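Student: Here's a structure for you.
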Amino acid sequence: MSVIIDIIGGLFIGGFLLIIALTATDTATTELYNFNSDAIIQQNLAHTSDIIQYDLRKMGFGIPEAQYGSILQVATPSKVVFLSHLNSDPDCRVKIPGVTTLDNLEDTISYSAVPFDSIDYGDTTLVTYRLMRTIYVSPSYSRTMGVGIIGNNDVFRYLDQIGNPVTYIPATRMIEVTLTAYNPRVFLSKEWVESQIYDIKNEEFRKRELRRLLRASYWRQTRLISRNLRR
């Protein structure tokens with residue numbers, strides 16, 4: 001009888017230890033996944049920022065003084081379109097696949113934030129945006145690509161010489177770029193978010209708490225001064 005009790009006790013303890021081991025393994029795997037997701041999100045954000053900076057520094061390059069007012073074609077929080085010469089000189093020509101000739105024609109670069117995906121959490125909806133980059137090299141080459149997924153569509157601010165928002169486009173001397181990304185733990189797990197607010201009965205408080213949970217967790221902000229806009 002005592003042997004049977006020992007066996008049952010051993011199975012119980014062994015099963016209990018197995019559950020602890022599985023739980024610990026699951027927690028460790030989740031934390032490792034979230035840590036890697038954090039690193040990937042931050043790296044992607046930095047990479048997207050570098051691409052935008054690379055292009056904005058070419059704004060107005062090679063455009064004659066008389067056309068200064070037309071360098072910025074579109075200037076809104078979610079879209080910017082500007083002129084530049086991308087293949088006018090062999091020493092500073094931008095290497096674009098499919099473009100091998102040199103000319104003095106104006107080229108165009110544009111960035112726009114367009115809706116990409118959304119998740120409905122009941123009281124609110126989380127929307128992400130794809131940042132699209134389009135290069136048009138006169139007279140006929142055009143290429144559009146996505147350069148990143150972000151959590152905001154108010155990417156661009158247009159500032160004057162001392163850093164104040166401009167009232168009209170030609171007054172722009174620098175552009176402020178703001179990029180945000182959501183915490184992967186929140187963005188990838190609707191269940192996690194719901195578990196934090198499920199028991200809240202006050203609707204307005206629940207909405208505020210939900211917005212707090214869904215806040216952008218990473219952001220990168222840069223002010224770029226264009227030499228060609230400060231002539």
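Each chain in the structure tokens gets a letter, A, B, ..., in the order shown, and its residues are numbered from 1; ligands are numbered from 1 in order too.
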With only C-alpha atoms counted and 9 Å as the cut-off, give the residues of segment 125-173 of chain A in contact with segment 97-108 of chain A, each with its shortest interatomic distance in Å and the pair that gives it, as a Markdown table.
Tutor:
| residue | atom | partner | partner_atom | distance |
| --- | --- | --- | --- | --- |
| A:Thr134 | CA | A:Thr108 | CA | 8.1 |
| A:Ile135 | CA | A:Thr108 | CA | 6.0 |
| A:Tyr136 | CA | A:Thr108 | CA | 5.1 |
| A:Val137 | CA | A:Asp107 | CA | 4.8 |
| A:Ser138 | CA | A:Asp107 | CA | 5.6 |
| A:Pro139 | CA | A:Leu105 | CA | 7.6 |
| A:Tyr141 | CA | A:Val99 | CA | 7.5 |
Student: Please produce a file of the residues just selected, as a short mmCIF file (atom, residue, chain, number, x, y, z; two decimals), in the first residue's frame, where the atoms kept are N, CA and C atoms.
Tutor:
data_model
loop_
_atom_site.label_atom_id
_atom_site.label_comp_id
_atom_site.auth_asym_id
_atom_site.auth_seq_id
_atom_site.Cartn_x
_atom_site.Cartn_y
_atom_site.Cartn_z
N THR A 134 8.47 57.33 -53.49
CA THR A 134 8.40 57.30 -54.95
C THR A 134 9.47 58.21 -55.53
N ILE A 135 10.23 57.66 -56.46
CA ILE A 135 11.25 58.43 -57.18
C ILE A 135 10.84 58.51 -58.64
N TYR A 136 10.79 59.73 -59.16
CA TYR A 136 10.49 59.92 -60.58
C TYR A 136 11.68 60.64 -61.23
N VAL A 137 12.34 59.94 -62.13
CA VAL A 137 13.47 60.51 -62.85
C VAL A 137 13.00 60.84 -64.26
N SER A 138 13.02 62.12 -64.60
CA SER A 138 12.56 62.55 -65.91
C SER A 138 13.41 61.91 -67.01
N PRO A 139 12.78 61.57 -68.14
CA PRO A 139 11.37 61.86 -68.46
C PRO A 139 10.39 60.72 -68.18
N TYR A 141 11.22 57.44 -65.96
CA TYR A 141 11.49 56.40 -64.98
C TYR A 141 10.76 56.70 -63.67
#
Student: Among segment 93-192 of chain A, which residues carry a DSSP assignment of helix (DSSP H, G or I), reported as a PyMOL selection string?
Tutor: chain A and resi 169-171+184-188+190-192
Student: Nearest residue to Val155 of chain A out of A:Pro77, A:Gly62, A:Gly69, A:Gly122, using only C-alpha atoms?
Tutor: A:Pro77
Student: Might you pull out every residue within 8 Å of Leu159 of chain A, with only C-alpha atoms counted and same-chain residues fewer than 3 positions away left off, and present them as a PyMOL selection string?
Tutor: chain A and resi 162-166+171-176
Student: Given the choices A:Asn152, A:Asn183, A:Asn202, A:Gln53, which gets closest to Thr128 of chain A if the distance is worked out from only C-alpha atoms?
Tutor: A:Asn152
Student: Please extract the residues of segment 33-157 of chain A with a backbone DSSP assignment of strand (DSSP E or B) and present them as JSON, numbers by chain.
Tutor: {"A": [72, 73, 74, 75, 76, 79, 80, 81, 82, 83, 84, 107, 108, 109, 110, 111, 112, 113, 114, 115, 116, 117, 118, 119, 120, 125, 126, 127, 128, 129, 130, 131, 132, 133, 134, 135, 136, 137, 141, 142, 143, 144, 145, 146, 147, 148, 149, 150, 156, 157]}
Student: Which polymer residues have any atom within 8 Å of an atom of Leu179 of chain A, counting only C-alpha atoms, with same-chain residues fewer than 3 positions away left out, as a VMD selection string?
Tutor: chain A and resid 45 49 150 to 152 155 219 to 221
Student: Between A:Tyr158, A:Val177, A:Ile225, A:Pro64, which one has atoms that come closest to Ile51 of chain A, using only C-alpha atoms?
Tutor: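 Under the stated criterion, the closest residue is A:Val177.
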Student: What does the structure give for the distance between atom CA of Ile200 of chain A and atom CA of Leu126 of chain A, in Å to one decimal?
Tutor: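 The value is 19.5 Å.
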Student: Just how far from atom CA of Ile149 of chain A is atom CA of Asp117 of chain A, in Å to one decimal?
Tutor: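 These atoms are spaced 9.4 Å apart.
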